[in-house]
$ cat query11.txt   # compact mmCIF, C-alpha atoms
# COMPACT_ATOMS: atom_id res chain seq x y z
CA MET A 1 18.25 -5.05 22.69
CA ALA A 2 18.89 -7.77 20.16
CA VAL A 3 17.92 -7.93 16.51
CA ILE A 4 15.82 -11.05 15.94
CA ALA A 5 14.96 -12.23 12.42
CA VAL A 6 12.05 -14.64 12.15
CA ASP A 7 11.19 -16.95 9.27
CA MET A 8 7.57 -17.04 8.15
CA ASP A 9 6.61 -20.46 6.71
CA ASP A 10 6.47 -23.23 9.32
CA VAL A 11 7.58 -20.82 12.03
CA MET A 12 5.01 -17.97 12.13
CA ALA A 13 2.62 -19.69 9.73
CA ASP A 14 1.52 -23.33 9.71
CA THR A 15 2.28 -23.71 6.01
CA LEU A 16 2.79 -27.47 6.14
CA ALA A 17 -0.74 -27.99 7.55
CA LYS A 18 -2.20 -25.97 4.66
CA ILE A 19 -0.19 -27.87 2.04
CA LEU A 20 -1.25 -31.25 3.46
CA LYS A 21 -4.91 -30.18 3.67
CA VAL A 22 -5.11 -28.87 0.10
CA TYR A 23 -3.07 -31.76 -1.31
CA ASN A 24 -5.24 -34.37 0.40
CA GLU A 25 -8.50 -32.68 -0.63
CA ARG A 26 -7.51 -32.25 -4.24
CA TYR A 27 -5.82 -35.61 -4.87
CA ASN A 28 -7.67 -37.82 -2.38
CA GLY A 29 -4.46 -38.10 -0.44
CA THR A 30 -3.98 -39.31 3.11
CA MET A 31 -0.70 -37.57 3.96
CA THR A 32 -0.27 -36.55 7.57
CA ARG A 33 2.48 -34.75 9.45
CA GLU A 34 3.40 -38.10 11.02
CA ASN A 35 3.80 -39.76 7.59
CA LEU A 36 6.59 -37.34 6.82
CA ASN A 37 8.81 -39.08 9.34
CA GLU A 38 11.80 -36.75 9.36
CA ARG A 39 11.52 -35.87 5.69
CA TYR A 40 10.41 -32.97 3.51
CA LEU A 41 7.05 -33.56 1.83
CA LYS A 42 8.79 -33.49 -1.56
CA GLU A 43 10.96 -36.43 -0.47
CA VAL A 44 7.94 -38.52 0.56
CA LEU A 45 5.82 -37.92 -2.50
CA LEU A 46 6.71 -39.73 -5.67
CA GLY A 47 7.17 -38.46 -9.23
CA GLU A 48 4.45 -36.17 -10.47
CA ASN A 49 3.07 -35.61 -6.98
CA VAL A 50 6.07 -33.41 -6.21
CA SER A 51 5.22 -31.05 -9.06
CA LYS A 52 1.56 -31.10 -7.98
CA VAL A 53 2.59 -29.70 -4.61
CA ARG A 54 4.92 -27.17 -6.23
CA SER A 55 2.20 -25.79 -8.50
CA LEU A 56 -0.31 -25.81 -5.64
CA VAL A 57 1.96 -23.56 -3.57
CA GLN A 58 2.39 -21.22 -6.54
CA GLU A 59 -1.33 -20.63 -6.94
CA PRO A 60 -2.18 -16.98 -6.28
CA GLY A 61 -3.73 -16.66 -2.87
CA PHE A 62 -2.29 -19.89 -1.49
CA PHE A 63 -0.50 -18.06 1.33
CA GLY A 64 -3.50 -15.85 2.15
CA ASP A 65 -5.40 -18.05 4.60
CA ILE A 66 -2.66 -20.06 6.26
CA ALA A 67 -3.20 -20.47 10.01
CA VAL A 68 -1.02 -18.53 12.40
CA MET A 69 1.27 -20.77 14.47
CA PRO A 70 -0.20 -20.91 18.01
CA GLY A 71 1.37 -18.34 20.32
CA ALA A 72 3.40 -16.58 17.61
CA PRO A 73 1.62 -13.19 17.78
CA GLU A 74 1.66 -13.05 21.58
CA CYS A 75 5.32 -14.03 21.84
CA LEU A 76 6.47 -11.71 19.04
CA GLU A 77 4.49 -8.79 20.45
CA LYS A 78 6.19 -9.35 23.80
CA LEU A 79 9.64 -9.71 22.22
CA SER A 80 9.09 -6.58 20.11
CA LYS A 81 8.92 -4.50 23.29
CA LYS A 82 12.53 -5.39 24.16
CA HIS A 83 14.06 -6.35 20.82
CA LYS A 84 14.00 -5.34 17.17
CA ILE A 85 12.03 -7.90 15.18
CA PHE A 86 12.44 -8.51 11.45
CA ILE A 87 10.48 -11.03 9.38
CA ALA A 88 12.77 -12.78 6.90
CA SER A 89 10.90 -14.90 4.37
CA ALA A 90 12.48 -16.69 1.42
CA ALA A 91 9.64 -15.36 -0.73
CA MET A 92 11.82 -15.07 -3.87
CA ASP A 93 11.23 -18.80 -4.43
CA TYR A 94 7.53 -17.99 -4.90
CA PRO A 95 7.23 -14.61 -6.66
CA THR A 96 3.45 -15.05 -6.91
CA SER A 97 3.27 -14.97 -3.10
CA PHE A 98 4.58 -11.44 -2.42
CA THR A 99 1.31 -9.57 -2.01
CA CYS A 100 -0.38 -12.41 -0.15
CA LYS A 101 2.50 -12.74 2.29
CA PHE A 102 2.68 -8.99 2.85
CA GLU A 103 -1.05 -8.76 3.58
CA TRP A 104 -0.97 -11.83 5.84
CA LEU A 105 1.80 -10.28 7.93
CA VAL A 106 0.01 -6.92 8.20
CA ARG A 107 -3.23 -8.68 9.21
CA HIS A 108 -1.83 -11.05 11.84
CA PHE A 109 1.20 -9.10 13.11
CA PRO A 110 0.05 -5.46 13.00
CA PHE A 111 2.57 -4.47 15.69
CA ILE A 112 5.50 -5.18 13.34
CA SER A 113 6.21 -2.38 10.86
CA PRO A 114 6.20 -3.46 7.18
CA ARG A 115 9.58 -1.73 7.04
CA ASN A 116 10.83 -4.70 9.06
CA PHE A 117 9.60 -7.28 6.53
CA VAL A 118 12.30 -8.81 4.34
CA PHE A 119 11.58 -10.95 1.29
CA CYS A 120 14.78 -12.64 0.22
CA GLY A 121 16.15 -15.91 -1.12
CA ASP A 122 19.54 -16.43 0.49
CA LYS A 123 19.61 -15.71 4.22
CA SER A 124 23.36 -15.02 4.30
CA ILE A 125 22.23 -11.45 3.50
CA ILE A 126 20.39 -11.13 6.86
CA HIS A 127 22.21 -9.02 9.43
CA ALA A 128 20.74 -9.89 12.82
CA ASP A 129 21.76 -11.37 16.15
CA TYR A 130 19.32 -14.28 15.91
CA LEU A 131 17.43 -16.11 13.18
CA ILE A 132 14.54 -18.41 14.08
CA ASP A 133 14.06 -20.75 11.12
CA ASP A 134 12.95 -24.33 10.39
CA GLN A 135 15.38 -24.82 7.50
CA PRO A 136 18.92 -25.87 8.43
CA ARG A 137 20.27 -24.56 5.09
CA PHE A 138 19.16 -21.03 5.99
CA LEU A 139 20.70 -21.30 9.46
CA HIS A 140 23.96 -22.56 7.91
CA ALA A 141 24.11 -19.45 5.70
CA PHE A 142 23.23 -17.07 8.54
CA THR A 143 26.13 -15.44 10.42
CA GLY A 144 24.40 -14.79 13.77
CA GLN A 145 22.98 -17.31 16.26
CA GLY A 146 20.57 -19.71 14.59
CA ILE A 147 17.56 -21.12 16.44
CA LEU A 148 15.92 -24.17 14.87
CA PHE A 149 12.12 -24.25 14.90
CA ASP A 150 11.05 -27.88 15.08
CA THR A 151 9.33 -29.50 12.09
CA PRO A 152 9.41 -33.07 10.68
CA HIS A 153 12.15 -32.48 8.07
CA ASN A 154 14.71 -31.05 10.53
CA VAL A 155 14.57 -33.71 13.27
CA GLN A 156 18.12 -34.91 12.51
CA GLU A 157 19.69 -31.44 12.79
CA THR A 158 21.64 -31.00 16.01
CA GLY A 159 23.74 -27.91 15.25
CA TYR A 160 21.39 -25.34 16.79
CA PRO A 161 19.24 -24.83 19.86
CA ARG A 162 15.84 -26.34 19.03
CA VAL A 163 12.50 -24.77 19.93
CA ARG A 164 9.38 -26.91 19.53
CA ASN A 165 6.81 -24.14 19.76
CA TRP A 166 6.40 -20.45 20.57
CA ALA A 167 6.32 -21.05 24.32
CA GLU A 168 9.85 -22.38 23.92
CA VAL A 169 10.87 -19.32 21.88
CA ASP A 170 9.62 -17.18 24.75
CA ALA A 171 11.54 -19.29 27.30
CA TYR A 172 14.72 -19.11 25.18
CA PHE A 173 14.76 -15.31 25.19
CA GLU A 174 13.63 -15.07 28.83
CA ALA A 175 16.66 -17.18 29.81
CA LEU A 176 19.18 -14.94 28.01
CA MET B 1 35.34 -11.94 -3.07
CA ALA B 2 33.20 -9.22 -1.54
CA VAL B 3 29.45 -9.15 -0.98
CA ILE B 4 28.03 -6.09 -2.75
CA ALA B 5 24.43 -4.99 -2.17
CA VAL B 6 22.96 -2.66 -4.76
CA ASP B 7 19.92 -0.43 -4.45
CA MET B 8 17.47 -0.45 -7.35
CA ASP B 9 15.68 2.92 -7.70
CA ASP B 10 17.95 5.73 -8.92
CA VAL B 11 20.93 3.39 -8.92
CA MET B 12 20.09 0.49 -11.26
CA ALA B 13 16.89 2.10 -12.55
CA ASP B 14 16.34 5.71 -13.61
CA THR B 15 13.24 6.03 -11.46
CA LEU B 16 13.45 9.82 -11.11
CA ALA B 17 13.35 10.27 -14.90
CA LYS B 18 10.17 8.16 -15.07
CA ILE B 19 8.51 10.07 -12.23
CA LEU B 20 9.30 13.46 -13.81
CA LYS B 21 8.07 12.29 -17.23
CA VAL B 22 4.75 10.91 -15.98
CA TYR B 23 4.18 13.83 -13.61
CA ASN B 24 4.82 16.42 -16.32
CA GLU B 25 2.64 14.62 -18.88
CA ARG B 26 -0.27 14.15 -16.54
CA TYR B 27 -0.28 17.52 -14.80
CA ASN B 28 1.23 19.75 -17.51
CA GLY B 29 4.27 20.15 -15.31
CA THR B 30 7.69 21.45 -16.29
CA MET B 31 9.82 19.82 -13.59
CA THR B 32 13.33 18.85 -14.61
CA ARG B 33 16.19 17.14 -12.80
CA GLU B 34 17.90 20.56 -12.64
CA ASN B 35 14.86 22.17 -10.94
CA LEU B 36 15.33 19.82 -8.01
CA ASN B 37 18.48 21.65 -7.02
CA GLU B 38 19.73 19.37 -4.25
CA ARG B 39 16.25 18.42 -3.02
CA TYR B 40 13.89 15.48 -3.15
CA LEU B 41 11.02 15.95 -5.59
CA LYS B 42 8.58 15.85 -2.65
CA GLU B 43 10.36 18.87 -1.13
CA VAL B 44 10.08 20.89 -4.33
CA LEU B 45 6.43 20.20 -5.07
CA LEU B 46 3.82 21.97 -3.02
CA GLY B 47 0.77 20.66 -1.20
CA GLU B 48 -1.39 18.28 -3.18
CA ASN B 49 1.30 17.74 -5.79
CA VAL B 50 3.25 15.64 -3.31
CA SER B 51 0.36 13.21 -2.93
CA LYS B 52 -0.10 13.18 -6.71
CA VAL B 53 3.44 11.86 -7.07
CA ARG B 54 2.94 9.37 -4.25
CA SER B 55 -0.17 7.88 -5.82
CA LEU B 56 1.44 7.88 -9.26
CA VAL B 57 4.32 5.73 -7.97
CA GLN B 58 1.82 3.34 -6.36
CA GLU B 59 -0.01 2.66 -9.61
CA PRO B 60 0.37 -1.01 -10.58
CA GLY B 61 2.90 -1.30 -13.36
CA PHE B 62 4.64 1.99 -12.62
CA PHE B 63 7.98 0.27 -12.08
CA GLY B 64 7.62 -2.02 -15.11
CA ASP B 65 9.06 0.17 -17.86
CA ILE B 66 11.63 2.28 -16.03
CA ALA B 67 14.84 2.74 -18.02
CA VAL B 68 17.94 0.90 -16.92
CA MET B 69 20.68 3.22 -15.67
CA PRO B 70 23.35 3.38 -18.43
CA GLY B 71 26.16 0.90 -17.85
CA ALA B 72 24.52 -0.86 -14.89
CA PRO B 73 24.06 -4.29 -16.53
CA GLU B 74 27.58 -4.35 -18.00
CA CYS B 75 29.22 -3.28 -14.75
CA LEU B 76 27.17 -5.62 -12.56
CA GLU B 77 27.76 -8.57 -14.88
CA LYS B 78 31.50 -7.90 -14.65
CA LEU B 79 31.38 -7.47 -10.86
CA SER B 80 29.31 -10.64 -10.48
CA LYS B 81 32.22 -12.69 -11.87
CA LYS B 82 34.43 -11.70 -8.91
CA HIS B 83 31.94 -10.77 -6.20
CA LYS B 84 28.57 -11.84 -4.80
CA ILE B 85 25.91 -9.35 -5.86
CA PHE B 86 22.63 -8.80 -4.02
CA ILE B 87 19.90 -6.37 -5.04
CA ALA B 88 18.49 -4.59 -1.99
CA SER B 89 15.36 -2.57 -2.76
CA ALA B 90 13.23 -0.79 -0.16
CA ALA B 91 10.16 -2.23 -1.88
CA MET B 92 8.15 -2.51 1.36
CA ASP B 93 7.30 1.19 0.98
CA TYR B 94 5.43 0.28 -2.22
CA PRO B 95 3.79 -3.13 -1.75
CA THR B 96 2.06 -2.79 -5.13
CA SER B 97 5.48 -2.81 -6.79
CA PHE B 98 6.73 -6.29 -5.81
CA THR B 99 5.85 -8.25 -8.95
CA CYS B 100 6.83 -5.41 -11.27
CA LYS B 101 10.19 -4.98 -9.60
CA PHE B 102 10.87 -8.71 -9.60
CA GLU B 103 10.07 -9.02 -13.32
CA TRP B 104 12.10 -5.90 -14.17
CA LEU B 105 15.16 -7.36 -12.44
CA VAL B 106 14.80 -10.76 -14.12
CA ARG B 107 14.39 -9.06 -17.53
CA HIS B 108 17.30 -6.62 -17.32
CA PHE B 109 19.72 -8.46 -15.01
CA PRO B 110 19.25 -12.14 -15.95
CA PHE B 111 22.74 -13.00 -14.69
CA ILE B 112 21.72 -12.27 -11.08
CA SER B 113 19.79 -15.09 -9.40
CA PRO B 114 16.38 -14.09 -7.98
CA ARG B 115 17.63 -15.73 -4.78
CA ASN B 116 19.90 -12.68 -4.49
CA PHE B 117 17.02 -10.19 -4.66
CA VAL B 118 16.05 -8.61 -1.34
CA PHE B 119 12.89 -6.56 -0.84
CA CYS B 120 13.15 -4.80 2.50
CA GLY B 121 12.38 -1.51 4.22
CA ASP B 122 15.16 -0.88 6.71
CA LYS B 123 18.63 -1.54 5.31
CA SER B 124 20.20 -2.13 8.72
CA ILE B 125 19.13 -5.73 8.06
CA ILE B 126 21.49 -6.05 5.05
CA HIS B 127 24.63 -8.06 5.74
CA ALA B 128 27.14 -7.18 3.03
CA ASP B 129 30.57 -5.62 2.63
CA TYR B 130 29.30 -2.77 0.43
CA LEU B 131 26.00 -1.04 -0.25
CA ILE B 132 25.63 1.20 -3.30
CA ASP B 133 22.66 3.48 -2.62
CA ASP B 134 21.45 7.02 -3.41
CA GLN B 135 19.74 7.52 -0.04
CA PRO B 136 21.98 8.67 2.82
CA ARG B 137 19.49 7.35 5.43
CA PHE B 138 19.96 3.80 4.10
CA LEU B 139 23.74 4.17 4.14
CA HIS B 140 23.58 5.48 7.72
CA ALA B 141 21.68 2.35 8.79
CA PHE B 142 24.01 -0.01 6.89
CA THR B 143 26.91 -1.52 8.84
CA GLY B 144 29.33 -2.15 5.94
CA GLN B 145 31.00 0.36 3.61
CA GLY B 146 28.44 2.67 2.01
CA ILE B 147 28.92 4.03 -1.51
CA LEU B 148 26.74 7.00 -2.44
CA PHE B 149 25.26 6.99 -5.95
CA ASP B 150 24.92 10.60 -7.05
CA THR B 151 21.46 12.12 -7.48
CA PRO B 152 20.10 15.66 -6.89
CA HIS B 153 18.80 15.10 -3.35
CA ASN B 154 22.10 13.79 -1.95
CA VAL B 155 24.50 16.47 -3.21
CA GLN B 156 25.18 17.76 0.33
CA GLU B 157 26.13 14.34 1.73
CA THR B 158 29.89 14.00 2.25
CA GLY B 159 30.09 10.96 4.53
CA TYR B 160 30.63 8.35 1.81
CA PRO B 161 32.63 7.84 -1.36
CA ARG B 162 30.49 9.25 -4.18
CA VAL B 163 30.03 7.61 -7.59
CA ARG B 164 28.39 9.66 -10.32
CA ASN B 165 27.65 6.83 -12.73
CA TRP B 166 28.32 3.14 -13.37
CA ALA B 167 31.73 3.81 -14.94
CA GLU B 168 32.72 5.22 -11.56
CA VAL B 169 31.32 2.15 -9.77
CA ASP B 170 33.53 0.03 -12.02
CA ALA B 171 36.56 2.23 -11.28
CA TYR B 172 35.88 2.09 -7.52
CA PHE B 173 36.01 -1.71 -7.44
CA GLU B 174 38.91 -1.90 -9.91
CA ALA B 175 40.96 0.28 -7.54
CA LEU B 176 40.33 -1.92 -4.47
$ encode --input "query11.txt" --output "structure tokens"
Amino acid sequence: MAVIAVDMDDVMADTLAKILKVYNERYNGTMTRENLNERYLKEVLLGENVSKVRSLVQEPGFFGDIAVMPGAPECLEKLSKKHKIFIASAAMDYPTSFTCKFEWLVRHFPFISPRNFVFCGDKSIIHADYLIDDQPRFLHAFTGQGILFDTPHNVQETGYPRVRNWAEVDAYFEAL
Amino acid sequence: MAVIAVDMDDVMADTLAKILKVYNERYNGTMTRENLNERYLKEVLLGENVSKVRSLVQEPGFFGDIAVMPGAPECLEKLSKKHKIFIASAAMDYPTSFTCKFEWLVRHFPFISPRNFVFCGDKSIIHADYLIDDQPRFLHAFTGQGILFDTPHNVQETGYPRVRNWAEVDAYFEAL
């Protein structure tokens, strides 16, 4: 049995899709995932548009209706039968998101006990064998084996095994 | 430099005092810290009184005006100059408390970055050298050195160094 910590945004939840959708609707934007071209959204947008996105994400309820990443519940339910699963979300960056994130997890991942949810800021504090995360900076801080979940901004990162979707997460742990 | 994780309720915050005060006021009770006599409050109260306390703690705002444990800010500010301090609160047991707890920490411990706050449920996930906690079950789960913060319910526990107040926390780390 391994202890597997899993990031929430852009790993379990398609947060980027929600940000792009709301940003485009509200500001008549035309941003797509492809436009990002290996960058964070905040690097692509100019000037005041960055703070527009930041305040949009901080709106109460923003995290409530984000789509579940395809295959995440099935794969995590399967993994939870053999391993101990923790959810590790850097929620401290968005204190308005706590309740929304908690309720989202309970709704979509009812087989994971809320006692295994962790809202943190710095993932060096996470004690687990694996961390599946899209952000290289969190994997750098983590002391176990990092697994990089593919997303536009992390294309250049080569320091960790890369998984492009939840089928690949499943294959990674099947091959252990 | 060591990484020191610190529990919030009954270590940084005098949560028991607040519970006793509100319980006594609301239900004409006469419970004191001394009445607890080596037990948890929920073990001393009978029947429906246990659920009264549980729902009282879940009221929004309950955690907002809890008194700071004497000496905690001074000691933690001093420790934070030499060590990395994380706050590790089992807040997942009380999802209604997230915002209150976050704001309380920012207000009383402004020298600790919110990125070092951790809201969790199971403290086996905490990766630190030390954990200062009043609950033996959290220290059992923790893989570093546990330090037991004295409170009525843990008097029988002898498996960890015991600190009775924040002056003793200071002395413990001075003697390292």
$ atom_distance --input "query11.txt" --atom1 "CA of Ile66 (chain B)" --atom2 "CA of Arg33 (chain B)"
15.9 Å
$ closest_atom_pairs --input "query11.txt" --of "chain A" --to "chain B" --cutoff "7 Å" --atoms "only C-alpha atoms" --output "tab-separated table"
residue	atom	partner	partner_atom	distance
A:Met92	CA	B:Arg115	CA	5.9
A:Pro95	CA	B:Thr99	CA	6.9
A:Phe98	CA	B:Phe98	CA	6.5
A:Thr99	CA	B:Pro95	CA	6.9
A:Pro114	CA	B:Met92	CA	6.2
A:Arg115	CA	B:Gly121	CA	4.0
A:Asn116	CA	B:Gly121	CA	6.0
A:Phe117	CA	B:Cys120	CA	5.9
A:Val118	CA	B:Cys120	CA	4.5
A:Phe119	CA	B:Phe119	CA	5.1
A:Cys120	CA	B:Val118	CA	4.5
A:Gly121	CA	B:Arg115	CA	4.0
A:Asp122	CA	B:Arg115	CA	5.6
A:Ile125	CA	B:His127	CA	4.7
A:Ile126	CA	B:His127	CA	5.4
A:His127	CA	B:His127	CA	4.5
A:Ala128	CA	B:Ile125	CA	6.5
$ atom_distance --input "query11.txt" --atom1 "CA of Glu43 (chain A)" --atom2 "CA of Asp150 (chain A)"
17.7 Å
$ residues_around --input "query11.txt" --residues "Glu38 (chain A)" --least-positions-apart "2" --cutoff "8 Å" --atoms "only C-alpha atoms" --output "VMD selection string"
chain A and resid 36 40 152 to 156
$ atom_distance --input "query11.txt" --atom1 "CA of Val6 (chain A)" --atom2 "CA of Ile132 (chain A)"
4.9 Å
$ closest_residue --input "query11.txt" --among "B:Ile112, B:Leu56, B:Leu41, B:Val106" --to "Glu25 (chain B)" --atoms "only C-alpha atoms"
B:Leu56
$ residues_around --input "query11.txt" --residues "region 74-76 of chain B" --least-positions-apart "4" --cutoff "7 Å" --atoms "all atoms listed in the file" --output "list in words"
Ser80, Trp166 and Asp170 of chain B
$ axis_aligned_box --input "query11.txt" --around "region 74-86 of chain B" --padding-each-side "3 Å" --output "AutoDock Vina command-line options"
--center_x 28.5 --center_y -8.0 --center_z -11.0 --size_x 17.8 --size_y 15.4 --size_z 20.0
$ closest_residue --input "query11.txt" --among "A:Asp10, A:Glu59, A:Asp129, A:Glu174" --to "Leu148 (chain A)" --atoms "all atoms listed in the file"
A:Asp10
$ residues_around --input "query11.txt" --residues "Trp104 (chain B)" --least-positions-apart "4" --cutoff "10 Å" --atoms "all atoms listed in the file" --output "ChimeraX atom specification"
/B:13,63-68,98-100,108-110
$ closest_residue --input "query11.txt" --among "A:Met31, A:Leu79, A:Val22, A:Ile85" --to "Asp7 (chain A)" --atoms "only C-alpha atoms"
A:Ile85
$ closest_residue --input "query11.txt" --among "B:Lys42, B:His140, B:Phe111, B:Lys21" --to "Lys78 (chain B)" --atoms "all atoms listed in the file"
B:Phe111
$ build_atoms --input "query11.txt" --residues "region 114-123 of chain B" --atoms "all heavy atoms" --output "CSV table (one decimal), keeping the file's coordinate frame"
chain,number,residue,atom,x,y,z
B,114,PRO,N,17.4,-14.7,-8.8
B,114,PRO,CA,16.4,-14.1,-8.0
B,114,PRO,C,16.6,-14.4,-6.5
B,114,PRO,O,16.1,-13.7,-5.7
B,114,PRO,CB,15.1,-14.8,-8.5
B,114,PRO,CG,15.4,-15.1,-9.9
B,114,PRO,CD,16.9,-15.4,-10.0
B,115,ARG,N,17.3,-15.4,-6.2
B,115,ARG,CA,17.6,-15.7,-4.8
B,115,ARG,C,18.5,-14.6,-4.2
B,115,ARG,O,18.6,-14.6,-2.9
B,115,ARG,CB,18.3,-17.1,-4.7
B,115,ARG,CG,17.4,-18.2,-5.0
B,115,ARG,CD,17.8,-19.5,-4.4
B,115,ARG,NE,16.6,-20.4,-4.4
B,115,ARG,CZ,16.7,-21.7,-4.2
B,115,ARG,NH1,17.8,-22.2,-3.9
B,115,ARG,NH2,15.6,-22.4,-4.3
B,116,ASN,N,19.1,-13.8,-5.0
B,116,ASN,CA,19.9,-12.7,-4.5
B,116,ASN,C,19.2,-11.3,-4.5
B,116,ASN,O,19.8,-10.3,-4.3
B,116,ASN,CB,21.2,-12.6,-5.3
B,116,ASN,CG,22.2,-13.7,-5.0
B,116,ASN,OD1,21.7,-14.8,-4.5
B,116,ASN,ND2,23.4,-13.6,-5.3
B,117,PHE,N,17.8,-11.4,-4.8
B,117,PHE,CA,17.0,-10.2,-4.7
B,117,PHE,C,16.6,-10.1,-3.2
B,117,PHE,O,16.2,-11.1,-2.6
B,117,PHE,CB,15.8,-10.3,-5.5
B,117,PHE,CG,16.0,-10.4,-7.0
B,117,PHE,CD1,14.9,-10.8,-7.9
B,117,PHE,CD2,17.3,-10.3,-7.6
B,117,PHE,CE1,15.1,-10.9,-9.2
B,117,PHE,CE2,17.5,-10.5,-9.0
B,117,PHE,CZ,16.4,-10.8,-9.8
B,118,VAL,N,16.6,-8.9,-2.7
B,118,VAL,CA,16.0,-8.6,-1.3
B,118,VAL,C,15.1,-7.4,-1.4
B,118,VAL,O,15.5,-6.3,-1.8
B,118,VAL,CB,17.2,-8.3,-0.3
B,118,VAL,CG1,16.6,-8.2,1.1
B,118,VAL,CG2,18.3,-9.3,-0.4
B,119,PHE,N,13.9,-7.6,-1.0
B,119,PHE,CA,12.9,-6.6,-0.8
B,119,PHE,C,12.8,-6.3,0.7
B,119,PHE,O,12.3,-7.2,1.4
B,119,PHE,CB,11.5,-6.9,-1.4
B,119,PHE,CG,11.5,-7.1,-2.9
B,119,PHE,CD1,10.4,-7.7,-3.6
B,119,PHE,CD2,12.5,-6.6,-3.7
B,119,PHE,CE1,10.4,-7.8,-4.9
B,119,PHE,CE2,12.5,-6.7,-5.1
B,119,PHE,CZ,11.4,-7.3,-5.7
B,120,CYS,N,13.1,-5.1,1.1
B,120,CYS,CA,13.2,-4.8,2.5
B,120,CYS,C,12.6,-3.4,2.7
B,120,CYS,O,12.0,-2.8,1.8
B,120,CYS,CB,14.6,-4.9,3.0
B,120,CYS,SG,15.8,-3.9,2.3
B,121,GLY,N,12.8,-2.9,3.9
B,121,GLY,CA,12.4,-1.5,4.2
B,121,GLY,C,13.5,-0.8,4.9
B,121,GLY,O,13.8,0.4,4.6
B,122,ASP,N,14.1,-1.4,5.9
B,122,ASP,CA,15.2,-0.9,6.7
B,122,ASP,C,16.5,-1.6,6.4
B,122,ASP,O,16.6,-2.8,6.5
B,122,ASP,CB,14.7,-1.1,8.2
B,122,ASP,CG,15.8,-0.8,9.2
B,122,ASP,OD1,17.0,-0.5,8.8
B,122,ASP,OD2,15.5,-0.7,10.4
B,123,LYS,N,17.4,-0.9,5.8
B,123,LYS,CA,18.6,-1.5,5.3
B,123,LYS,C,19.7,-1.9,6.4
B,123,LYS,O,20.7,-2.4,6.1
B,123,LYS,CB,19.2,-0.7,4.1
B,123,LYS,CG,18.2,-0.8,2.9
B,123,LYS,CD,18.8,-0.3,1.6
B,123,LYS,CE,17.7,-0.3,0.6
B,123,LYS,NZ,18.1,0.3,-0.7
